[in-house]
file work16.txt (compact mmCIF, C-alpha atoms and all ligand atoms)
# COMPACT_ATOMS: atom_id res chain seq x y z
CA MET T 1 113.11 -44.11 86.79
CA LYS T 2 111.29 -40.87 85.99
CA VAL T 3 108.07 -41.72 84.20
CA ALA T 4 105.35 -39.50 82.71
CA MET T 5 102.07 -41.35 82.94
CA PHE T 6 99.34 -40.23 80.53
CA SER T 7 95.54 -40.58 80.58
CA THR T 8 95.57 -41.28 84.30
CA LYS T 9 92.52 -41.71 86.50
CA SER T 10 92.21 -41.99 90.26
CA PHE T 11 92.65 -45.77 90.13
CA ASP T 12 95.99 -45.44 88.29
CA ARG T 13 97.33 -43.18 91.02
CA GLU T 14 95.93 -45.43 93.73
CA TYR T 15 97.42 -48.69 92.41
CA PHE T 16 100.80 -47.28 91.27
CA ASN T 17 101.32 -45.41 94.53
CA ARG T 18 100.37 -48.56 96.47
CA PHE T 19 102.76 -50.94 94.69
CA ASN T 20 105.69 -48.68 93.77
CA VAL T 21 108.53 -49.18 96.25
CA PRO T 22 109.32 -45.64 97.49
CA GLY T 23 112.33 -44.26 95.65
CA GLU T 24 112.22 -46.88 92.92
CA HIS T 25 110.20 -45.07 90.25
CA ASP T 26 109.13 -41.45 90.15
CA PHE T 27 105.73 -41.06 88.51
CA THR T 28 104.03 -37.89 87.32
CA PHE T 29 100.37 -38.59 86.72
CA PHE T 30 98.97 -36.54 83.84
CA GLU T 31 95.25 -36.65 83.17
CA ALA T 32 95.89 -35.54 79.58
CA PRO T 33 96.14 -38.20 76.91
CA LEU T 34 99.37 -38.54 74.98
CA ASN T 35 99.05 -37.11 71.47
CA GLU T 36 100.76 -34.59 69.15
CA ASN T 37 99.76 -31.72 71.46
CA THR T 38 100.94 -33.15 74.76
CA THR T 39 104.38 -34.65 74.03
CA ASN T 40 106.04 -31.62 75.65
CA LEU T 41 104.77 -32.87 79.02
CA ALA T 42 107.23 -35.76 78.66
CA GLN T 43 110.26 -33.44 78.53
CA ASP T 44 113.12 -34.87 80.62
CA TYR T 45 111.28 -38.10 81.48
CA ALA T 46 113.10 -41.36 80.76
CA GLY T 47 109.85 -43.18 80.13
CA VAL T 48 106.22 -42.64 79.24
CA CYS T 49 103.44 -44.91 80.42
CA VAL T 50 100.34 -44.97 78.22
CA PHE T 51 96.94 -46.61 77.93
CA VAL T 52 94.61 -47.85 75.19
CA ASN T 53 93.54 -44.53 73.66
CA ASP T 54 96.82 -42.63 73.84
CA LYS T 55 98.07 -41.83 70.37
CA VAL T 56 101.60 -43.11 69.90
CA ASN T 57 102.06 -42.46 66.18
CA ASN T 58 105.28 -41.60 64.32
CA GLN T 59 105.01 -37.87 65.00
CA VAL T 60 104.47 -38.45 68.72
CA ILE T 61 107.35 -40.93 68.94
CA GLY T 62 109.61 -38.46 67.10
CA SER T 63 108.78 -35.73 69.64
CA LEU T 64 109.20 -38.12 72.56
CA ARG T 65 112.68 -39.00 71.33
CA GLU T 66 113.58 -35.30 71.06
CA ASN T 67 112.36 -34.93 74.65
CA GLY T 68 114.73 -37.66 75.83
CA VAL T 69 112.20 -40.48 76.28
CA LYS T 70 113.85 -43.89 76.08
CA LEU T 71 111.02 -46.29 76.86
CA ILE T 72 107.32 -46.56 76.03
CA ALA T 73 105.46 -48.68 78.58
CA LEU T 74 101.89 -49.67 77.78
CA ARG T 75 99.75 -50.46 80.79
CA CYS T 76 97.51 -52.64 78.63
CA ALA T 77 97.75 -55.66 76.31
CA GLY T 78 96.60 -54.29 72.93
CA PHE T 79 99.13 -52.14 71.04
CA ASN T 80 97.22 -51.10 67.91
CA ASN T 81 97.71 -47.44 68.95
CA VAL T 82 101.52 -47.60 68.75
CA ASP T 83 103.63 -47.18 65.61
CA LEU T 84 106.05 -49.99 66.39
CA ARG T 85 108.12 -49.41 63.22
CA THR T 86 108.97 -45.85 64.18
CA ALA T 87 109.72 -46.89 67.76
CA LYS T 88 112.10 -49.55 66.45
CA GLU T 89 113.71 -47.11 64.02
CA PHE T 90 114.36 -44.73 66.93
CA SER T 91 115.52 -47.61 69.19
CA ILE T 92 112.80 -46.92 71.75
CA PRO T 93 111.62 -50.25 73.18
CA VAL T 94 107.87 -50.69 73.68
CA VAL T 95 106.79 -52.91 76.56
CA ARG T 96 103.29 -53.99 77.53
CA VAL T 97 101.31 -56.09 79.97
CA PRO T 98 100.55 -59.10 77.78
CA ALA T 99 98.04 -60.75 80.10
CA TYR T 100 96.69 -59.27 83.30
CA SER T 101 93.42 -61.00 83.73
CA PRO T 102 91.94 -62.73 80.72
CA TYR T 103 89.16 -63.77 83.12
CA ALA T 104 88.15 -60.13 83.66
CA VAL T 105 87.47 -59.48 79.97
CA ALA T 106 86.00 -62.91 79.22
CA GLU T 107 83.63 -62.59 82.18
CA HIS T 108 82.62 -59.10 81.03
CA ALA T 109 81.68 -60.56 77.65
CA VAL T 110 79.53 -63.09 79.53
CA ALA T 111 77.98 -60.22 81.52
CA LEU T 112 77.05 -58.40 78.31
CA ILE T 113 75.43 -61.56 76.91
CA LEU T 114 73.43 -62.29 80.07
CA THR T 115 72.33 -58.69 80.49
CA LEU T 116 71.21 -58.29 76.88
CA ASN T 117 69.48 -61.64 76.96
CA ARG T 118 67.74 -61.53 80.36
CA LYS T 119 67.38 -57.71 80.44
CA THR T 120 68.44 -57.43 84.07
CA HIS T 121 69.40 -53.77 83.48
CA LYS T 122 65.79 -53.02 82.54
CA ALA T 123 64.34 -55.12 85.36
CA PHE T 124 66.54 -53.25 87.86
CA ASN T 125 65.21 -49.88 86.73
CA ARG T 126 61.61 -51.08 86.52
CA ILE T 127 61.52 -52.54 89.97
CA ARG T 128 63.05 -49.42 91.52
CA GLU T 129 59.97 -47.64 90.16
CA HIS T 130 57.69 -50.34 91.62
CA ASN T 131 56.93 -51.73 88.17
CA PHE T 132 56.87 -55.48 88.77
CA SER T 133 55.56 -56.40 85.31
CA LEU T 134 57.35 -59.04 83.23
CA GLU T 135 56.15 -57.59 79.92
CA ARG T 136 58.92 -57.53 77.27
CA LEU T 137 61.53 -59.08 79.57
CA VAL T 138 61.48 -62.51 77.96
CA GLY T 139 64.92 -63.94 77.16
CA PHE T 140 66.25 -67.28 75.93
CA ASP T 141 68.14 -70.25 77.40
CA LEU T 142 71.85 -69.99 76.70
CA HIS T 143 72.06 -73.74 77.09
CA GLY T 144 72.12 -75.40 73.69
CA LYS T 145 72.80 -72.20 71.73
CA THR T 146 75.71 -71.93 69.29
CA VAL T 147 78.34 -69.38 70.24
CA GLY T 148 80.98 -68.30 67.71
CA VAL T 149 84.30 -67.06 69.08
CA VAL T 150 86.62 -65.09 66.81
CA GLY T 151 90.15 -65.30 68.22
CA THR T 152 90.92 -67.98 70.79
CA GLY T 153 93.99 -66.51 72.50
CA GLN T 154 94.11 -65.78 76.23
CA ILE T 155 90.71 -64.06 76.52
CA GLY T 156 88.89 -65.92 73.77
CA GLY T 157 90.13 -69.23 75.21
CA ILE T 158 88.68 -68.50 78.66
CA PHE T 159 85.48 -67.22 77.07
CA CYS T 160 85.13 -70.48 75.11
CA GLN T 161 85.38 -72.44 78.35
CA ASN T 162 82.84 -70.17 80.05
CA MET T 163 80.40 -70.79 77.23
CA LEU T 164 81.02 -74.55 77.32
CA GLY T 165 80.13 -74.32 81.00
CA PHE T 166 76.72 -72.91 80.05
CA GLY T 167 76.14 -75.94 77.81
CA CYS T 168 76.58 -74.02 74.57
CA GLU T 169 77.99 -75.43 71.37
CA VAL T 170 81.17 -73.41 70.81
CA LEU T 171 82.49 -72.72 67.32
CA ALA T 172 85.75 -70.87 66.86
CA PHE T 173 87.86 -69.23 64.21
CA ASP T 174 91.56 -68.50 64.66
CA GLN T 175 94.51 -68.92 62.29
CA TYR T 176 96.19 -70.79 65.14
CA PRO T 177 93.67 -73.28 66.55
CA ASP T 178 94.26 -74.34 70.14
CA ASP T 179 94.43 -78.14 70.50
CA ILE T 180 93.55 -78.07 74.20
CA LEU T 181 90.38 -76.07 73.50
CA ALA T 182 89.52 -78.45 70.67
CA GLN T 183 89.91 -81.38 73.08
CA LYS T 184 87.55 -79.62 75.48
CA GLY T 185 84.87 -79.47 72.79
CA VAL T 186 85.50 -76.23 70.87
CA LYS T 187 84.95 -76.83 67.17
CA TYR T 188 87.18 -74.85 64.81
CA VAL T 189 85.42 -73.82 61.59
CA THR T 190 85.99 -71.27 58.82
CA PHE T 191 85.13 -67.63 59.50
CA ASP T 192 82.13 -67.81 57.15
CA GLU T 193 80.83 -71.00 58.80
CA LEU T 194 81.09 -69.34 62.20
CA LEU T 195 79.15 -66.31 60.97
CA LYS T 196 76.44 -68.49 59.41
CA GLN T 197 75.89 -70.93 62.28
CA SER T 198 76.19 -68.86 65.45
CA ASP T 199 73.38 -67.49 67.60
CA ILE T 200 75.91 -65.36 69.49
CA ILE T 201 79.22 -64.09 68.09
CA SER T 202 81.95 -62.71 70.35
CA LEU T 203 85.09 -60.98 69.05
CA HIS T 204 88.40 -61.65 70.82
CA CYS T 205 91.03 -60.98 68.17
CA PRO T 206 93.33 -57.95 68.12
CA LEU T 207 92.80 -54.91 65.90
CA THR T 208 95.28 -55.01 63.02
CA PRO T 209 95.12 -53.68 59.45
CA GLU T 210 93.70 -57.12 58.51
CA THR T 211 90.98 -57.12 61.18
CA PHE T 212 89.86 -53.48 60.69
CA HIS T 213 86.08 -53.64 60.03
CA LEU T 214 86.22 -57.43 60.24
CA ILE T 215 82.46 -57.25 60.73
CA GLY T 216 80.76 -55.15 58.08
CA LYS T 217 77.70 -55.30 55.83
CA LYS T 218 78.77 -58.50 54.03
CA GLU T 219 79.65 -60.38 57.23
CA ILE T 220 76.46 -59.32 59.00
CA GLY T 221 74.58 -60.48 55.90
CA LEU T 222 75.95 -63.99 56.44
CA MET T 223 74.82 -64.08 60.08
CA LYS T 224 71.54 -65.56 61.32
CA LYS T 225 68.68 -63.07 61.61
CA GLY T 226 68.43 -61.97 65.23
CA VAL T 227 72.08 -62.82 66.05
CA MET T 228 73.74 -61.34 69.14
CA LEU T 229 77.08 -59.63 68.45
CA ILE T 230 79.51 -58.98 71.31
CA ASN T 231 82.72 -56.95 71.08
CA THR T 232 85.06 -56.56 74.06
CA SER T 233 88.16 -56.37 71.88
CA ARG T 234 88.64 -53.16 69.90
CA GLY T 235 85.92 -50.91 68.47
CA ALA T 236 87.14 -50.79 64.88
CA LEU T 237 86.66 -54.54 64.45
CA ILE T 238 83.04 -53.60 63.72
CA ASN T 239 81.92 -51.16 61.04
CA THR T 240 79.55 -49.18 63.28
CA LYS T 241 77.50 -47.77 60.39
CA ALA T 242 76.87 -51.30 59.06
CA ALA T 243 75.88 -52.45 62.56
CA ILE T 244 73.40 -49.56 62.92
CA LYS T 245 71.84 -50.42 59.57
CA ALA T 246 71.48 -54.06 60.60
CA LEU T 247 69.97 -53.05 63.97
CA LYS T 248 67.44 -50.85 62.16
CA ASN T 249 66.31 -53.64 59.83
CA GLY T 250 66.32 -56.23 62.62
CA HIS T 251 69.01 -58.50 61.18
CA LEU T 252 71.19 -57.81 64.19
CA GLY T 253 69.10 -58.86 67.19
CA TYR T 254 71.40 -57.59 69.92
CA LEU T 255 74.65 -55.66 70.12
CA GLY T 256 76.85 -55.63 73.24
CA ILE T 257 80.01 -53.55 73.06
CA ASP T 258 82.65 -52.60 75.58
CA VAL T 259 84.68 -50.87 72.88
CA TYR T 260 83.70 -48.40 70.19
CA GLU T 261 85.38 -47.17 67.02
CA GLN T 262 85.58 -43.55 68.16
CA GLU T 263 85.84 -44.22 71.87
CA GLU T 264 88.91 -42.04 72.40
CA HIS T 265 86.65 -38.96 72.20
CA LEU T 266 84.20 -40.34 74.76
CA PHE T 267 85.26 -43.17 77.02
CA PHE T 268 86.85 -42.76 80.46
CA ARG T 269 85.28 -39.30 80.85
CA ASP T 270 82.17 -37.87 82.49
CA LEU T 271 80.42 -36.08 79.63
CA SER T 272 77.02 -36.02 81.30
CA GLU T 273 76.69 -32.24 81.03
CA ARG T 274 78.08 -32.03 77.49
CA ILE T 275 76.40 -32.22 74.10
CA ILE T 276 77.61 -35.43 72.47
CA GLN T 277 78.87 -34.65 68.97
CA ASP T 278 79.28 -38.29 67.94
CA ASP T 279 76.10 -39.12 66.03
CA LEU T 280 76.89 -42.83 65.70
CA ILE T 281 77.05 -43.48 69.44
CA SER T 282 74.00 -41.29 69.94
CA ARG T 283 72.11 -43.47 67.44
CA LEU T 284 73.37 -46.66 69.06
CA LEU T 285 72.08 -45.43 72.41
CA THR T 286 68.54 -45.21 71.05
CA PHE T 287 68.23 -48.96 70.43
CA PRO T 288 66.58 -51.02 73.19
CA ASN T 289 68.70 -54.06 72.21
CA VAL T 290 72.11 -52.36 72.43
CA LEU T 291 74.24 -52.44 75.57
CA ILE T 292 77.34 -50.27 75.76
CA THR T 293 79.94 -50.23 78.51
CA ALA T 294 82.90 -47.84 78.37
CA HIS T 295 85.89 -50.16 78.05
CA GLN T 296 85.58 -51.66 81.51
CA GLY T 297 86.25 -55.27 80.55
CA PHE T 298 89.66 -55.17 82.23
CA PHE T 299 88.40 -53.32 85.30
CA THR T 300 88.74 -55.75 88.20
CA ASN T 301 90.97 -55.56 91.28
CA GLU T 302 92.97 -58.55 90.11
CA ALA T 303 93.63 -57.02 86.69
CA LEU T 304 94.57 -53.58 88.07
CA GLU T 305 97.03 -55.21 90.49
CA GLU T 306 98.60 -57.25 87.74
CA ILE T 307 98.80 -54.29 85.32
CA THR T 308 100.57 -52.26 88.01
CA LYS T 309 103.00 -54.98 89.10
CA VAL T 310 103.95 -55.99 85.56
CA THR T 311 104.41 -52.36 84.48
CA LEU T 312 106.65 -51.68 87.50
CA LYS T 313 108.66 -54.79 86.62
CA ASN T 314 108.91 -53.69 82.96
CA LEU T 315 110.28 -50.30 84.06
CA SER T 316 112.76 -51.88 86.50
CA GLN T 317 114.04 -54.32 83.88
CA PHE T 318 114.69 -51.42 81.52
CA GLU T 319 116.39 -49.32 84.16
CA LYS T 320 118.67 -52.18 85.18
CA GLY T 321 119.51 -53.02 81.55
CA GLU T 322 117.99 -56.47 81.92
CA LYS T 323 116.22 -58.39 79.18
CA LEU T 324 112.76 -56.90 78.59
CA GLU T 325 110.53 -59.94 78.85
CA ASN T 326 107.43 -58.01 77.76
CA GLU T 327 108.93 -56.06 74.88
CA ILE T 328 106.81 -56.04 71.70
CA LEU T 329 109.14 -57.25 68.99
CA ILE T 330 108.61 -56.78 65.28
CA HIS T 331 110.66 -58.13 62.38
P1 LIG T 401 95.83 -62.91 72.42
O1 LIG T 401 96.97 -62.37 71.60
O2 LIG T 401 96.12 -63.86 73.52
O3 LIG T 401 94.77 -63.60 71.44
C1 LIG T 401 94.35 -63.05 70.23
C2 LIG T 401 93.99 -64.21 69.30
O4 LIG T 401 93.40 -63.67 68.13
C3 LIG T 401 95.20 -65.04 68.85
O5 LIG T 401 94.96 -66.41 69.09
C4 LIG T 401 95.31 -64.75 67.36
O6 LIG T 401 95.80 -65.85 66.61
C5 LIG T 401 93.87 -64.43 67.02
N1 LIG T 401 93.68 -63.67 65.79
C6 LIG T 401 94.45 -62.71 65.24
N2 LIG T 401 93.91 -62.28 64.09
C7 LIG T 401 92.75 -62.98 63.92
C8 LIG T 401 91.75 -62.98 62.93
N3 LIG T 401 91.80 -62.18 61.86
N4 LIG T 401 90.69 -63.83 63.09
C9 LIG T 401 90.63 -64.67 64.14
N5 LIG T 401 91.57 -64.71 65.11
C10 LIG T 401 92.60 -63.87 65.00
O7 LIG T 401 95.06 -61.63 72.94
P2 LIG T 401 94.08 -61.53 74.21
O8 LIG T 401 94.88 -61.26 75.44
O9 LIG T 401 93.16 -62.67 74.20
O10 LIG T 401 93.29 -60.20 73.87
C11 LIG T 401 92.43 -60.10 72.76
C12 LIG T 401 92.07 -58.65 72.56
O11 LIG T 401 91.24 -58.23 73.64
C13 LIG T 401 93.25 -57.66 72.60
O12 LIG T 401 93.87 -57.55 71.34
C14 LIG T 401 92.58 -56.38 72.99
O13 LIG T 401 92.23 -55.70 71.83
C15 LIG T 401 91.33 -56.83 73.74
N6 LIG T 401 91.32 -56.45 75.15
C16 LIG T 401 90.25 -55.75 75.62
C17 LIG T 401 90.18 -55.37 76.96
C18 LIG T 401 89.00 -54.65 77.53
O14 LIG T 401 89.11 -54.10 78.64
N7 LIG T 401 87.87 -54.64 76.87
C19 LIG T 401 91.30 -55.66 77.87
C20 LIG T 401 92.35 -56.46 77.28
C21 LIG T 401 92.35 -56.81 75.96
call {"tool": "encode", "arguments": {"input": "work16.txt", "output": "structure tokens"}}
result
Amino acid sequence: MKVAMFSTKSFDREYFNRFNVPGEHDFTFFEAPLNENTTNLAQDYAGVCVFVNDKVNNQVIGSLRENGVKLIALRCAGFNNVDLRTAKEFSIPVVRVPAYSPYAVAEHAVALILTLNRKTHKAFNRIREHNFSLERLVGFDLHGKTVGVVGTGQIGGIFCQNMLGFGCEVLAFDQYPDDILAQKGVKYVTFDELLKQSDIISLHCPLTPETFHLIGKKEIGLMKKGVMLINTSRGALINTKAAIKALKNGHLGYLGIDVYEQEEHLFFRDLSERIIQDDLISRLLTFPNVLITAHQGFFTNEALEEITKVTLKNLSQFEKGEKLENEILIH
């Protein structure tokens, strides 16, 4: 199958070339993202393969259809960037990789917590400059702290278990509580209770119209003073302006984010010689208690292998007219 792959990096080429059986699928790797201005690149391709920040709105899907595209394959789990209604209207199936390594993202959330808490990123830099002082590196024991987990699906579920392993009390909020997690000691509470009682809050729910700015001024106001907020899910779950305000007045004690509301203009690129025009991220970068990574939660060997293999399988199932086991269905 002839596939136009958008937003590609060296690792996409490496993994897809390694696992694609020669002659099975014919990939063209475009560095450009998919958006209203780049749909013409997909001319005469049967499928497009896109990532988290590609824009697959109704206009883009309309142009893709005119260009002969018959399948949209996401090489990620989240699909908030795709207009599923338009795709359905145009009979273009959308497939995804529902779970590639929930461990990768859950463990990255743990990494953000440990780094922010124990300040290993600062210690690393200090010691390289022969500064062996411990001043201002004091952290806290994770053991015994209350961790609130919003969304206990694949990633949130693993994260809960990781936190139980540290001896934390784990509170959770999800419309669909998981009995097995509850048996393991996770306590399901209301969203407000979770906000009020947690020392650390980690977001693991998808971005939907309902969860847009799930954490804003009011929600931060309910949190404990000095709380640590972690987001490895999608940037727009947090109202960044409200978070900045709460960091300035000290209500938010720590912020660890792997995702950012306006990340599509920044992440996955080397902008080190450019002037950053995004004032919110520039402000966030000034805080000593903010840790930002550029959407690397998924970035492990295991996850990249799984993303590649499942995407290749999704494409093959479509080409052979088989049932698409990873199609995103809407009513
Ligand atoms: P999942 O679908 O297995 O779990 C999501 C859970 O959130 C479900 O249990 C659902 O009931 C719950 N949920 C939905 N709305 C909620 C709400 N308003 N409040 C509380 N819970 C709610 O998804 P999975 O695989 O665990 O992924 C979670 C998110 O992680 C994805 O949607 C994606 O945005 C993000 N992600 C981030 C990656 C990264 O590299 N940083 C990589 C992969 C996913």
call {"tool": "atom_distance", "arguments": {"input": "work16.txt", "atom1": "CA of Ala42 in chain T", "atom2": "CA of Phe90 in chain T"}}
result
16.4 Å
call {"tool": "closest_atom_pairs", "arguments": {"input": "work16.txt", "of": "range 46-160 of chain T", "to": "range 279-301 of chain T", "cutoff": "6 Å", "atoms": "all atoms listed in the file", "output": "CSV"}}
result
residue,atom,partner,partner_atom,distance
T:Ala104,CA,T:Phe298,CA,5.4
T:Val105,CA,T:Gly297,CA,4.4
T:His108,CA,T:Gly297,CA,5.3
call {"tool": "closest_residue", "arguments": {"input": "work16.txt", "among": "T:Leu312, T:Leu34, T:Met223, T:Ala46", "to": "Gln59 in chain T", "atoms": "only C-alpha atoms"}}
result
T:Leu34
call {"tool": "closest_atom_pairs", "arguments": {"input": "work16.txt", "of": "chain T", "to": "ligand LIG 401 (chain T)", "cutoff": "7 Å", "atoms": "only C-alpha atoms and all ligand atoms", "output": "JSON lines"}}
result
{"residue": "T:Cys76", "atom": "CA", "partner": "T:LIG401", "partner_atom": "C20", "distance": 6.6}
{"residue": "T:Ala77", "atom": "CA", "partner": "T:LIG401", "partner_atom": "C21", "distance": 5.5}
{"residue": "T:Gly78", "atom": "CA", "partner": "T:LIG401", "partner_atom": "C14", "distance": 4.5}
{"residue": "T:Pro98", "atom": "CA", "partner": "T:LIG401", "partner_atom": "O8", "distance": 6.5}
{"residue": "T:Ala99", "atom": "CA", "partner": "T:LIG401", "partner_atom": "O8", "distance": 5.7}
{"residue": "T:Pro102", "atom": "CA", "partner": "T:LIG401", "partner_atom": "O8", "distance": 6.2}
{"residue": "T:Val105", "atom": "CA", "partner": "T:LIG401", "partner_atom": "C18", "distance": 5.6}
{"residue": "T:Val150", "atom": "CA", "partner": "T:LIG401", "partner_atom": "C9", "distance": 4.8}
{"residue": "T:Gly151", "atom": "CA", "partner": "T:LIG401", "partner_atom": "N5", "distance": 3.5}
{"residue": "T:Thr152", "atom": "CA", "partner": "T:LIG401", "partner_atom": "O5", "distance": 4.7}
{"residue": "T:Gly153", "atom": "CA", "partner": "T:LIG401", "partner_atom": "O3", "distance": 3.2}
{"residue": "T:Gln154", "atom": "CA", "partner": "T:LIG401", "partner_atom": "O9", "distance": 3.8}
{"residue": "T:Ile155", "atom": "CA", "partner": "T:LIG401", "partner_atom": "O9", "distance": 3.6}
{"residue": "T:Gly156", "atom": "CA", "partner": "T:LIG401", "partner_atom": "O9", "distance": 5.4}
{"residue": "T:Phe173", "atom": "CA", "partner": "T:LIG401", "partner_atom": "C9", "distance": 5.3}
{"residue": "T:Asp174", "atom": "CA", "partner": "T:LIG401", "partner_atom": "N5", "distance": 3.8}
{"residue": "T:Gln175", "atom": "CA", "partner": "T:LIG401", "partner_atom": "O6", "distance": 5.5}
{"residue": "T:Tyr176", "atom": "CA", "partner": "T:LIG401", "partner_atom": "O6", "distance": 5.2}
{"residue": "T:His204", "atom": "CA", "partner": "T:LIG401", "partner_atom": "C11", "distance": 4.7}
{"residue": "T:Cys205", "atom": "CA", "partner": "T:LIG401", "partner_atom": "O4", "distance": 3.6}
{"residue": "T:Pro206", "atom": "CA", "partner": "T:LIG401", "partner_atom": "O12", "distance": 3.3}
{"residue": "T:Leu207", "atom": "CA", "partner": "T:LIG401", "partner_atom": "O13", "distance": 6.0}
{"residue": "T:Glu210", "atom": "CA", "partner": "T:LIG401", "partner_atom": "N3", "distance": 6.4}
{"residue": "T:Thr211", "atom": "CA", "partner": "T:LIG401", "partner_atom": "N3", "distance": 5.2}
{"residue": "T:Thr232", "atom": "CA", "partner": "T:LIG401", "partner_atom": "N7", "distance": 4.4}
{"residue": "T:Ser233", "atom": "CA", "partner": "T:LIG401", "partner_atom": "C15", "distance": 3.7}
{"residue": "T:Arg234", "atom": "CA", "partner": "T:LIG401", "partner_atom": "O13", "distance": 4.8}
{"residue": "T:Asp258", "atom": "CA", "partner": "T:LIG401", "partner_atom": "N7", "distance": 5.8}
{"residue": "T:Val259", "atom": "CA", "partner": "T:LIG401", "partner_atom": "N7", "distance": 6.3}
{"residue": "T:His295", "atom": "CA", "partner": "T:LIG401", "partner_atom": "N7", "distance": 5.0}
{"residue": "T:Gln296", "atom": "CA", "partner": "T:LIG401", "partner_atom": "O14", "distance": 5.2}
{"residue": "T:Gly297", "atom": "CA", "partner": "T:LIG401", "partner_atom": "O14", "distance": 3.6}
{"residue": "T:Phe298", "atom": "CA", "partner": "T:LIG401", "partner_atom": "O14", "distance": 3.8}
{"residue": "T:Phe299", "atom": "CA", "partner": "T:LIG401", "partner_atom": "O14", "distance": 6.7}
call {"tool": "closest_residue", "arguments": {"input": "work16.txt", "among": "T:Pro209, T:Gly47, T:Gly221, T:Gly235", "to": "Glu261 in chain T", "atoms": "all atoms listed in the file"}}
result
T:Gly235
call {"tool": "residues_around", "arguments": {"input": "work16.txt", "residues": "Val186 in chain T", "least_positions_apart": "2", "cutoff": "12 Å", "atoms": "all atoms listed in the file", "output": "MDAnalysis selection string"}}
result
chainID T and resid 146:150 152 156:165 167:174 177:184 188:189 194
call {"tool": "atom_distance", "arguments": {"input": "work16.txt", "atom1": "CA of Lys145 in chain T", "atom2": "CA of Ile238 in chain T"}}
result
22.7 Å
call {"tool": "closest_residue", "arguments": {"input": "work16.txt", "among": "T:Cys49, T:Ala303, T:Ile61, T:Val3", "to": "Phe27 in chain T", "atoms": "all atoms listed in the file"}}
result
T:Val3
call {"tool": "closest_residue", "arguments": {"input": "work16.txt", "among": "T:Lys70, T:Lys55, T:His251, T:His130", "to": "Glu36 in chain T", "atoms": "all atoms listed in the file"}}
result
T:Lys55
call {"tool": "residues_around", "arguments": {"input": "work16.txt", "residues": "Leu114 in chain T", "least_positions_apart": "4", "cutoff": "10 Å", "atoms": "only C-alpha atoms", "output": "PyMOL selection string"}}
result
chain T and resi 108-110+118-120+139-142
call {"tool": "atom_distance", "arguments": {"input": "work16.txt", "atom1": "CA of Phe51 in chain T", "atom2": "CA of Glu273 in chain T"}}
result
25.0 Å
call {"tool": "residues_around", "arguments": {"input": "work16.txt", "residues": "Thr38 in chain T", "least_positions_apart": "3", "cutoff": "10 Å", "atoms": "all atoms listed in the file", "output": "list in words"}}
result
Phe6, Phe30, Ala32, Pro33, Leu34, Asn35, Leu41, Ala42, Val60, Ser63 and Leu64 of chain T
call {"tool": "residues_around", "arguments": {"input": "work16.txt", "residues": "range 80-82 of chain T", "least_positions_apart": "4", "cutoff": "7 Å", "atoms": "all atoms listed in the file", "output": "list of chain:residue names"}}
result
T:Val52, T:Asn53, T:Asp54, T:Lys55, T:Val56, T:Asn57, T:Leu207, T:Thr208
call {"tool": "residues_around", "arguments": {"input": "work16.txt", "residues": "Arg269 in chain T", "least_positions_apart": "3", "cutoff": "10 Å", "atoms": "all atoms listed in the file", "output": "count of residues only"}}
result
6
call {"tool": "closest_residue", "arguments": {"input": "work16.txt", "among": "T:Gly62, T:Pro93, T:Thr8, T:Leu203", "to": "Asn326 in chain T", "atoms": "only C-alpha atoms"}}
result
T:Pro93
call {"tool": "residues_near_point", "arguments": {"input": "work16.txt", "point": "(79.2, -56.1, 70.5)", "cutoff": "6 Å", "atoms": "only C-alpha atoms", "output": "PyMOL selection string"}}
result
chain T and resi 229-231+255-257
call {"tool": "axis_aligned_box", "arguments": {"input": "work16.txt", "around": "range 134-152 of chain T", "padding_each_side": "4 Å", "output": "AutoDock Vina command-line options"}}
result
--center_x 73.5 --center_y -66.5 --center_z 75.0 --size_x 42.8 --size_y 25.9 --size_z 24.4
call {"tool": "closest_residue", "arguments": {"input": "work16.txt", "among": "T:Val48, T:Ile200, T:Ala4, T:Leu74", "to": "Leu252 in chain T", "atoms": "only C-alpha atoms"}}
result
T:Ile200
call {"tool": "build_atoms", "arguments": {"input": "work16.txt", "residues": "range 234-241 of chain T", "atoms": "N, CA and C atoms", "output": "compact mmCIF listing (two decimals), keeping the file's coordinate frame"}}
result
# COMPACT_ATOMS: atom_id res chain seq x y z
N ARG T 234 88.34 -54.53 70.32
CA ARG T 234 88.64 -53.16 69.90
C ARG T 234 87.51 -52.70 69.00
N GLY T 235 87.12 -51.42 69.14
CA GLY T 235 85.92 -50.91 68.47
C GLY T 235 85.94 -51.09 66.96
N ALA T 236 87.10 -50.82 66.34
CA ALA T 236 87.14 -50.79 64.88
C ALA T 236 87.09 -52.18 64.25
N LEU T 237 86.92 -53.22 65.05
CA LEU T 237 86.66 -54.54 64.45
C LEU T 237 85.29 -54.54 63.78
N ILE T 238 84.40 -53.66 64.28
CA ILE T 238 83.04 -53.60 63.72
C ILE T 238 82.87 -52.28 62.97
N ASN T 239 82.31 -52.35 61.77
CA ASN T 239 81.92 -51.16 61.04
C ASN T 239 80.61 -50.67 61.69
N THR T 240 80.70 -49.62 62.48
CA THR T 240 79.55 -49.18 63.28
C THR T 240 78.35 -48.83 62.40
N LYS T 241 78.63 -48.17 61.26
CA LYS T 241 77.50 -47.77 60.39
C LYS T 241 76.75 -49.00 59.89
